[in-house]
Structures are given as C-alpha cells and as structure tokens.
$ cat data-v8.cif   # mmCIF, C-alpha atoms
data_protein
loop_
_atom_site.label_atom_id
_atom_site.label_comp_id
_atom_site.auth_asym_id
_atom_site.auth_seq_id
_atom_site.Cartn_x
_atom_site.Cartn_y
_atom_site.Cartn_z
CA MET A 1 82.48 98.63 94.23
CA ASN A 2 83.78 96.62 91.31
CA ALA A 3 86.89 94.51 91.88
CA VAL A 4 90.02 95.84 90.21
CA GLU A 5 91.20 93.43 87.54
CA PRO A 6 94.94 92.67 87.41
CA THR A 7 96.81 94.41 84.59
CA PRO A 8 97.16 91.95 81.67
CA VAL A 9 100.54 90.19 81.81
CA SER A 10 101.45 91.38 78.31
CA LEU A 11 101.01 95.05 79.34
CA GLN A 12 103.03 94.92 82.57
CA PRO A 13 106.63 96.24 82.65
CA LEU A 14 109.46 93.75 82.28
CA SER A 15 110.41 92.38 85.69
CA HIS A 16 113.98 91.96 86.91
CA MET A 17 113.25 88.24 87.27
CA LEU A 18 112.33 87.80 83.62
CA ARG A 19 115.18 89.96 82.39
CA GLU A 20 117.69 88.03 84.50
CA ALA A 21 116.30 84.66 83.39
CA ARG A 22 116.72 85.76 79.78
CA GLU A 23 120.33 86.74 80.49
CA ALA A 24 121.26 83.20 81.53
CA PRO A 25 122.32 81.82 78.11
CA ALA A 26 124.80 84.65 77.49
CA MET A 27 125.96 84.45 81.10
CA ILE A 28 126.67 80.71 80.77
CA ALA A 29 128.62 81.37 77.57
CA ARG A 30 130.81 83.81 79.53
CA LEU A 31 131.14 81.37 82.41
CA MET A 32 132.24 78.55 80.11
CA ALA A 33 134.79 80.84 78.43
CA ASP A 34 136.55 81.44 81.74
CA GLY A 35 138.12 79.37 84.50
CA ALA A 36 138.73 76.19 82.52
CA ALA A 37 142.25 75.78 83.92
CA ASP A 38 141.00 76.11 87.51
CA TYR A 39 138.34 73.46 87.01
CA LEU A 40 140.87 71.11 85.41
CA ARG A 41 143.28 71.61 88.33
CA PHE A 42 140.48 71.03 90.80
CA GLY A 43 139.48 67.84 89.00
CA ALA A 44 143.08 66.64 89.03
CA THR A 45 143.27 67.38 92.78
CA LEU A 46 140.15 65.31 93.41
CA ARG A 47 141.56 62.40 91.40
CA GLU A 48 144.91 62.68 93.15
CA GLN A 49 143.67 63.01 96.72
CA ASP A 50 140.73 60.65 96.13
CA PRO A 51 138.40 61.88 98.90
CA THR A 52 136.55 59.18 100.80
CA ALA A 53 133.67 61.51 101.73
CA VAL A 54 131.99 64.38 99.90
CA LEU A 55 129.83 67.04 101.56
CA THR A 56 127.75 69.82 100.05
CA VAL A 57 126.98 72.96 102.05
CA ALA A 58 124.10 75.15 100.83
CA ARG A 59 120.58 76.40 101.47
CA GLY A 60 117.52 77.19 99.35
CA SER A 61 118.02 77.30 95.59
CA SER A 62 121.75 76.76 96.09
CA ASP A 63 121.02 73.50 97.91
CA HIS A 64 118.99 72.33 94.92
CA ALA A 65 121.98 73.06 92.68
CA ALA A 66 124.20 71.14 95.09
CA HIS A 67 121.74 68.24 94.91
CA PHE A 68 122.12 68.19 91.13
CA MET A 69 125.93 67.98 91.37
CA ALA A 70 125.65 65.35 94.10
CA TYR A 71 123.47 63.14 91.92
CA LEU A 72 125.93 63.42 89.04
CA ILE A 73 128.86 62.54 91.32
CA MET A 74 127.05 59.52 92.73
CA ALA A 75 125.79 58.34 89.32
CA ARG A 76 129.00 58.90 87.36
CA LEU A 77 131.76 58.49 89.96
CA GLY A 78 130.14 56.12 92.45
CA ARG A 79 130.95 58.38 95.44
CA LEU A 80 128.35 58.96 98.11
CA VAL A 81 127.58 62.64 98.71
CA THR A 82 125.93 64.10 101.81
CA SER A 83 124.20 67.46 102.22
CA LEU A 84 125.51 68.86 105.50
CA PRO A 85 123.03 69.97 108.17
CA MET A 86 124.98 73.13 109.06
CA SER A 87 123.71 73.17 112.65
CA LEU A 88 125.97 70.18 113.32
CA VAL A 89 128.84 72.66 113.24
CA THR A 90 127.19 75.98 114.14
CA LEU A 91 124.94 74.81 117.01
CA TYR A 92 126.01 71.33 118.09
CA GLN A 93 129.77 71.90 117.71
CA SER A 94 130.20 68.44 116.19
CA LYS A 95 133.83 67.50 115.55
CA ILE A 96 133.35 66.16 112.04
CA GLN A 97 136.37 64.26 110.73
CA CYS A 98 138.10 66.23 107.98
CA ARG A 99 140.61 63.63 106.82
CA GLY A 100 139.68 62.39 103.35
CA LEU A 101 136.85 64.92 103.08
CA ALA A 102 135.93 67.18 100.15
CA SER A 103 133.44 69.89 101.06
CA MET A 104 131.80 72.10 98.41
CA ALA A 105 129.64 75.12 99.20
CA PHE A 106 127.14 76.80 96.89
CA SER A 107 125.87 80.32 97.49
CA GLN A 108 124.76 83.38 95.55
CA SER A 109 125.93 85.94 98.10
CA GLY A 110 128.45 84.01 100.20
CA GLN A 111 127.29 85.98 103.26
CA SER A 112 125.40 83.54 105.46
CA PRO A 113 127.28 82.69 108.68
CA ASP A 114 126.01 79.11 108.76
CA LEU A 115 127.72 78.40 105.42
CA VAL A 116 130.90 80.25 106.29
CA ALA A 117 131.52 78.63 109.69
CA PRO A 118 131.50 74.98 108.48
CA MET A 119 133.72 75.79 105.52
CA ARG A 120 136.24 77.53 107.79
CA TYR A 121 136.18 74.49 110.05
CA PHE A 122 136.74 72.05 107.18
CA THR A 123 139.53 74.15 105.66
CA ALA A 124 141.30 74.41 109.02
CA GLY A 125 140.92 70.65 109.46
CA GLY A 126 142.67 69.84 106.18
CA ALA A 127 139.69 68.97 103.97
CA ILE A 128 139.52 69.91 100.29
CA THR A 129 137.20 72.93 100.27
CA ALA A 130 135.62 74.83 97.40
CA ALA A 131 132.98 77.52 97.00
CA PHE A 132 130.82 78.27 93.97
CA VAL A 133 129.73 81.81 94.67
CA ASN A 134 128.64 84.91 92.81
CA ASP A 135 130.65 87.24 95.08
CA ALA A 136 134.30 86.20 94.88
CA GLY A 137 135.17 88.63 97.68
CA SER A 138 132.57 87.27 100.11
CA PRO A 139 133.27 85.72 103.54
CA LEU A 140 132.48 82.29 102.08
CA ALA A 141 135.05 82.72 99.32
CA LYS A 142 137.65 83.67 101.94
CA ALA A 143 136.87 80.55 103.98
CA VAL A 144 137.88 77.98 101.33
CA GLN A 145 140.87 76.82 99.30
CA TRP A 146 139.20 76.88 95.86
CA VAL A 147 136.91 79.67 94.66
CA PHE A 148 134.85 79.36 91.49
CA PRO A 149 133.06 82.62 90.64
CA LEU A 150 129.61 82.12 89.13
CA GLN A 151 129.94 85.32 87.12
CA ALA A 152 126.18 85.75 87.04
CA GLY A 153 126.44 89.48 87.59
CA ALA A 154 124.05 91.46 89.77
CA GLU A 155 120.68 89.84 90.50
CA GLN A 156 118.08 92.39 91.57
CA SER A 157 115.15 89.99 91.78
CA VAL A 158 114.87 88.25 95.14
CA ALA A 159 114.03 85.01 93.33
CA ALA A 160 117.30 83.66 91.91
CA THR A 161 117.33 82.54 88.28
CA LYS A 162 120.58 83.01 86.37
CA SER A 163 122.72 82.40 89.47
CA PHE A 164 120.95 79.06 90.02
CA ILE A 165 121.60 78.05 86.42
CA ALA A 166 125.25 79.08 86.88
CA GLN A 167 125.45 76.83 89.95
CA LEU A 168 124.03 73.87 88.01
CA VAL A 169 126.66 74.40 85.31
CA ALA A 170 129.45 74.84 87.85
CA GLY A 171 128.51 71.54 89.50
CA ALA A 172 128.49 69.75 86.15
CA ARG A 173 131.89 71.27 85.32
CA VAL A 174 133.28 69.80 88.55
CA VAL A 175 132.00 66.36 87.56
CA ALA A 176 133.43 66.65 84.03
CA ALA A 177 136.80 67.74 85.41
CA TRP A 178 136.87 65.07 88.13
CA GLN A 179 136.01 62.36 85.60
CA ASP A 180 138.27 63.93 82.98
CA ASP A 181 135.26 63.52 80.68
CA ALA A 182 135.85 65.41 77.43
CA GLU A 183 132.38 64.51 76.10
CA LEU A 184 130.56 66.12 79.02
CA GLY A 185 132.93 69.07 78.82
CA ALA A 186 132.10 69.57 75.15
CA ALA A 187 128.36 69.35 75.89
CA LEU A 188 128.79 72.07 78.51
CA GLN A 189 130.46 74.30 75.93
CA ARG A 190 127.43 73.86 73.65
CA LEU A 191 124.90 74.40 76.42
CA PRO A 192 124.33 78.16 75.81
CA ASP A 193 122.79 77.34 72.41
CA ALA A 194 120.30 74.95 74.06
CA LEU A 195 119.50 77.55 76.71
CA GLU A 196 118.79 80.16 74.02
CA GLN A 197 116.16 77.82 72.61
CA ALA A 198 114.87 76.88 76.06
CA VAL A 199 114.26 80.46 77.20
CA ARG A 200 111.98 80.96 74.17
CA ALA A 201 110.03 77.70 74.62
CA ASP A 202 106.27 78.19 74.91
CA TRP A 203 105.16 77.19 78.38
CA SER A 204 102.11 79.47 78.37
CA PRO A 205 99.66 76.54 78.78
CA ALA A 206 100.98 76.16 82.33
CA VAL A 207 100.06 79.77 83.15
CA GLU A 208 96.45 79.17 82.22
CA ALA A 209 96.35 75.79 83.93
CA LEU A 210 97.83 77.04 87.22
CA ARG A 211 96.44 80.59 87.43
CA ASP A 212 93.91 79.61 90.13
CA ALA A 213 95.86 76.82 91.83
CA ASP A 214 96.46 76.98 95.57
CA ARG A 215 98.44 73.73 95.87
CA LEU A 216 100.61 71.74 93.52
CA PHE A 217 102.97 68.78 93.29
CA VAL A 218 106.14 69.08 91.20
CA ILE A 219 107.53 65.71 90.17
CA GLY A 220 110.99 64.71 88.97
CA ARG A 221 113.46 61.91 89.43
CA GLY A 222 117.19 61.32 89.10
CA THR A 223 118.98 64.40 87.80
CA GLY A 224 115.58 66.02 87.23
CA LEU A 225 114.60 65.98 90.91
CA ALA A 226 116.83 68.98 91.67
CA VAL A 227 114.95 71.18 89.19
CA ALA A 228 111.61 69.90 90.51
CA MET A 229 112.73 71.05 93.98
CA GLU A 230 113.75 74.43 92.58
CA ALA A 231 110.47 74.80 90.70
CA ALA A 232 108.46 74.04 93.84
CA LEU A 233 110.39 76.71 95.73
CA LYS A 234 109.74 79.28 92.98
CA PHE A 235 106.01 78.52 93.00
CA LYS A 236 105.98 79.26 96.73
CA GLU A 237 108.22 82.35 96.51
CA THR A 238 106.69 84.13 93.55
CA CYS A 239 103.14 82.76 93.22
CA ALA A 240 102.08 81.94 96.81
CA ILE A 241 101.21 78.39 95.74
CA GLN A 242 101.80 75.64 98.30
CA ALA A 243 103.99 73.51 96.03
CA GLU A 244 105.82 70.37 97.09
CA ALA A 245 108.48 68.48 95.13
CA PHE A 246 108.54 64.70 95.10
CA SER A 247 110.44 61.95 93.38
CA GLY A 248 108.30 60.10 90.85
CA ALA A 249 108.78 57.02 93.03
CA GLU A 250 108.00 58.71 96.36
CA VAL A 251 104.76 60.36 95.26
CA LYS A 252 103.09 56.96 95.02
CA HIS A 253 103.33 56.55 98.78
CA GLY A 254 101.67 58.97 101.24
CA PRO A 255 101.29 61.96 98.87
CA MET A 256 98.91 59.96 96.65
CA ALA A 257 96.22 60.41 99.29
CA LEU A 258 96.01 64.12 98.38
CA ILE A 259 95.50 63.65 94.65
CA ASP A 260 91.88 64.05 93.71
CA GLN A 261 89.89 65.37 90.75
CA GLY A 262 91.65 68.37 89.24
CA PHE A 263 94.68 68.26 91.55
CA PRO A 264 97.53 69.98 89.63
CA LEU A 265 100.86 68.29 88.96
CA LEU A 266 103.87 69.53 87.00
CA VAL A 267 105.95 66.55 85.87
CA PHE A 268 109.49 67.09 84.60
CA ALA A 269 110.34 64.17 82.29
CA PRO A 270 113.62 64.94 80.47
CA ARG A 271 115.55 62.24 78.64
CA GLY A 272 117.31 59.57 80.67
CA PRO A 273 116.67 56.38 82.66
CA ALA A 274 113.97 58.00 84.80
CA GLN A 275 111.86 59.19 81.87
CA PRO A 276 109.77 56.05 81.16
CA GLY A 277 108.59 55.87 84.76
CA LEU A 278 107.73 59.57 84.82
CA LEU A 279 105.73 59.30 81.61
CA ALA A 280 103.85 56.31 83.02
CA LEU A 281 103.19 58.24 86.23
CA ALA A 282 101.81 61.22 84.30
CA ALA A 283 99.48 58.95 82.34
CA ASP A 284 98.31 57.20 85.52
CA MET A 285 97.65 60.50 87.31
CA ARG A 286 95.54 61.66 84.38
CA THR A 287 93.36 58.54 84.62
CA ARG A 288 92.83 59.44 88.30
CA GLY A 289 91.55 62.87 87.30
CA ALA A 290 94.62 64.93 88.16
CA ARG A 291 95.40 68.06 86.11
CA VAL A 292 98.83 67.04 84.79
CA MET A 293 101.21 69.40 83.02
CA LEU A 294 103.86 67.16 81.45
CA ALA A 295 107.19 68.75 80.51
CA ALA A 296 108.95 66.46 78.06
CA PRO A 297 110.91 66.63 74.77
CA ALA A 298 108.97 67.59 71.66
CA GLY A 299 107.20 64.61 70.15
CA THR A 300 106.66 62.85 73.48
CA ALA A 301 103.12 61.50 73.73
CA GLY A 302 101.04 63.57 76.11
CA ALA A 303 103.59 66.38 76.49
CA ASP A 304 102.11 69.80 77.31
CA LEU A 305 105.35 71.77 77.76
CA PRO A 306 108.37 71.34 75.45
CA LEU A 307 111.76 70.47 76.92
CA VAL A 308 114.78 71.45 74.82
CA GLU A 309 117.41 68.73 74.51
CA SER A 310 121.01 69.67 75.29
CA GLY A 311 124.22 68.00 74.18
CA SER A 312 124.04 65.55 77.10
CA VAL A 313 121.17 63.75 78.80
CA ASP A 314 122.70 64.83 82.11
CA LEU A 315 122.40 68.52 81.18
CA ASP A 316 118.78 68.44 79.99
CA PRO A 317 117.50 69.48 83.46
CA VAL A 318 119.40 72.76 83.02
CA SER A 319 117.44 73.64 79.89
CA ALA A 320 114.26 72.50 81.68
CA ILE A 321 114.62 75.06 84.46
CA GLN A 322 115.57 77.70 81.89
CA SER A 323 112.16 77.20 80.26
CA PHE A 324 110.39 77.10 83.63
CA TYR A 325 111.57 80.48 84.91
CA PRO A 326 109.79 82.73 82.35
CA MET A 327 106.61 80.71 82.86
CA VAL A 328 106.57 81.04 86.65
CA GLU A 329 107.36 84.76 86.35
CA ALA A 330 104.33 85.18 84.05
CA LEU A 331 102.21 83.07 86.41
CA ALA A 332 103.15 85.28 89.37
CA ARG A 333 102.07 88.39 87.49
CA ALA A 334 98.88 86.72 86.26
CA ARG A 335 98.04 86.01 89.92
CA GLY A 336 98.63 89.67 90.84
CA PHE A 337 102.06 89.32 92.48
CA ASP A 338 105.32 91.18 91.90
CA PRO A 339 107.82 88.37 91.11
CA ASP A 340 110.74 90.61 92.09
CA ARG A 341 109.48 91.21 95.64
CA PRO A 342 108.11 88.08 97.32
CA LYS A 343 106.48 88.70 100.68
CA HIS A 344 108.73 88.56 103.75
CA LEU A 345 111.85 87.67 101.73
CA ALA A 346 115.17 89.46 101.13
CA LYS A 347 117.91 88.84 98.57
CA VAL A 348 120.52 87.95 101.18
CA THR A 349 119.52 85.64 104.04
CA ARG A 350 121.89 85.34 106.99
CA THR A 351 121.09 82.26 109.04
CA HIS A 352 123.09 80.92 111.97
#
$ encode --input "data-v8.cif" --output "structure tokens"
Amino acid sequence: MNAVEPTPVSLQPLSHMLREAREAPAMIARLMADGAADYLRFGATLREQDPTAVLTVARGSSDHAAHFMAYLIMARLGRLVTSLPMSLVTLYQSKIQCRGLASMAFSQSGQSPDLVAPMRYFTAGGAITAAFVNDAGSPLAKAVQWVFPLQAGAEQSVAATKSFIAQLVAGARVVAAWQDDAELGAALQRLPDALEQAVRADWSPAVEALRDADRLFVIGRGTGLAVAMEAALKFKETCAIQAEAFSGAEVKHGPMALIDQGFPLLVFAPRGPAQPGLLALAADMRTRGARVMLAAPAGTAGADLPLVESGSVDLDPVSAIQSFYPMVEALARARGFDPDRPKHLAKVTRTH
C-alpha cells in the first residue's frame, strides 16, 4: 500500500493558531489603548514603596513572558528578580517573607491552583501583588491587589500565541511605568505597526530546513532568551521536535558535545548588546557543520530569517516571536500535525 502524503500546507484550512497569531497586532493596539492610567499608578506605587525583592509567578509560556519582564527590570532598574518555585508555598509551606516584596503573576487562564495559592499568600502578607491575566474574573485575578487584563480575547488553539505576545507587552509596560520612561512608552504605542510587518515576514526557509528535524537547539541571549525559550516550547508542542533553548554563552559548554554535521540550530539575534556574540556563534557553528537558521535584521550578513525592528531595541524580541509563530504553525502542518491540538495537552492546565 502506498503511503498517504500529507496535504500540502497551502491547501489545508486555516488553523486557530495561525488566525490567532495574525490577530496579535490588532490585539496589541487595543491593549495599548486601554489601561494606561492603571499602569502609571502601578509604576508610581513601585517607585513609592521601592520593593527590595521582586518575584514572578508563572508556568510554561507565561513563565517565558515573565522572564522577559524580569530581564528588563534587572537591566534597566538594577533590581534582582526571582522566578518563584511555586512548590515552596504549595507543597513545602515555606513562610516566605512578604515585607518589601513585589510579586507579579502571569497566566492566560488564571485557573491553576499553584499560581493562585502563592499570590493569595503574598497578598495576605502585605506584599505588592499583581496579575497579568486574560480572564479578569479568574481565581488568580481575585487573589491579587492589581489586575491587568491581557485583552487577548478567546484563544482556541492549545498553543498560546497572541496571549503570550500580550504578556510580553504587559511586562514591558510595567517597566516603562516603573522607570517613568516616556521613550519606552512611546515605542510600545508604535509596536503594533512593527508587529503587522513581522507577522508577514517570510520565514518559509525554516520550514524546509526543519521539516525532517527530530532535535534542535534554539539560541538567544539577554532579552532574546525569553523568546528562544518560547520557541523551543512551541517546537515541542506543535511539531514533536525535541527542542532545547540555550543562552548563546551557555551552549558553548556541555551542549556543544551534541552538535555534529547537520545539527539544526535556530539563532535569534535581534539588535542589542548580545547581537555580536550571537552572530559570531552562528558563524562558528556553520564552520562546524551545523545547519544554522539565523534570525537577524535585514541586511545582517548570513541572516536566513528577517527580524523586523521595533521602536526600541528592548522590544525587538516581541516582533521576533510574532514572525516565528506563523512559521512554526506551517512547520507543524508540513510534518503532518494539527497545531491546534498537540498530543496530551489541554488549554487550561491545573497544577498543584
């Protein structure tokens, strides 16, 4: 019997994942048109109360968005930020000190008990607490002092796209408000235009390059590491590729032992201080025989995938992931998978 060939990608019906990824620019425009006063008040509260410790509380894609905000806070404000292992509260009953603490939770659904319980604990203990959540009536929203709706609308695809982009923008808005940085705030207002360009960027070479891959490294650094982590997760979720994310510095340690002839790497190299090292890494990996897909701004030597520049170097990773999502959706379909229904996964995950 002859094997059944997958339906050509161009002839398959539009998936929820692709439709939702394409909605992100308009969704971010709506998000930026609303809630400005709340973000400004929150920023003023952070300046006034001057927290000595900052925690993020999140899992999965939301944790990658929290990582992006954390990097911006550390780089721009000089405050150390920790991602909370939720089991400290939910399983080990640790009595974490709340005085001087700001705790910020990121979630699409706001339903998971292991996010809700720590935020209730921190709120009761007197910490500054905030949630960035798509469901403003969720248990997580009710557990905190400050609620910032993502306004991403319904997401039917299990793999999050527009809600993740909304979380990245929400985190950057917090940083702009905390710093009282009008320049970053203005760049955020212009971001939907960059995302409109980014969602149309041609990343089809990556589909052909990765169609038969079974393992993959995704490389980033600095503010770009968060989107590398998100990309690696999406490769696993939608394409069944064993993808791992690494910092451009970390990959030169133990992971280098796995890189042999034809080993695929996706390198995110947006503008910024980390870019020269990432470009050098991509060039070095090519000399070793690796199959490198370099995502970098147009005109960058060796770039395979165009990155759209935003109004701020710090926001370029947002346009990078906007370009990535349509590509990974097409790759999933090219590999014979339904990107809307990853195996063994559900839209809402309730962990304890």
$ resolve_selection --input "data-v8.cif" --expression "the PyMOL selection byres ((chain A and resi 331-339) around 8)" --output "list of chain:residue names"
A:Pro6, A:Pro8, A:Val9, A:Ser15, A:Met17, A:Ser157, A:Ala159, A:Val207, A:Leu210, A:Arg211, A:Asp212, A:Thr238, A:Cys239, A:Met327, A:Val328, A:Glu329, A:Ala330, A:Asp340, A:Arg341, A:Pro342
$ closest_residue --input "data-v8.cif" --among "A:Ile321, A:Ala124, A:Val308, A:Leu195" --to "Gly220 (chain A)" --atoms "all atoms listed in the file"
A:Ile321
$ closest_residue --input "data-v8.cif" --among "A:Ala127, A:Ala274, A:Ser247, A:Ala228" --to "Trp146 (chain A)" --atoms "all atoms listed in the file"
A:Ala127
$ atom_distance --input "data-v8.cif" --atom1 "CA of Pro13 (chain A)" --atom2 "CA of Ala160 (chain A)"
18.9 Å
$ closest_residue --input "data-v8.cif" --among "A:Gln49, A:Val57, A:Ser83, A:Phe235" --to "Gly110 (chain A)" --atoms "all atoms listed in the file"
A:Val57
$ atom_distance --input "data-v8.cif" --atom1 "CA of Ala290 (chain A)" --atom2 "CA of Val251 (chain A)"
13.2 Å
$ resolve_selection --input "data-v8.cif" --expression "the PyMOL selection byres ((chain A and resi 291-304) around 8)" --output "list in words"
Pro205, Ala206, Gln261, Gly262, Phe263, Pro264, Leu265, Leu266, Val267, Phe268, Ala269, Pro270, Arg271, Ala282, Ala283, Met285, Arg286, Gly289, Ala290, Leu305, Pro306, Leu307, Val308 and Glu309 of chain A
$ residues_around --input "data-v8.cif" --residues "region 173-189 of chain A" --least-positions-apart "5" --cutoff "6 Å" --atoms "all atoms listed in the file" --output "MDAnalysis selection string"
chainID A and resid 40 43 311:312
$ atom_distance --input "data-v8.cif" --atom1 "CA of Arg22 (chain A)" --atom2 "CA of Ala201 (chain A)"
11.7 Å
$ resolve_selection --input "data-v8.cif" --expression "the PyMOL selection byres ((chain A and resi 133) around 12)" --output "PyMOL selection string"
chain A and resi 57-58+62+65+104-112+115-116+130-132+134-144+146-153+163-164+166-168+170-171
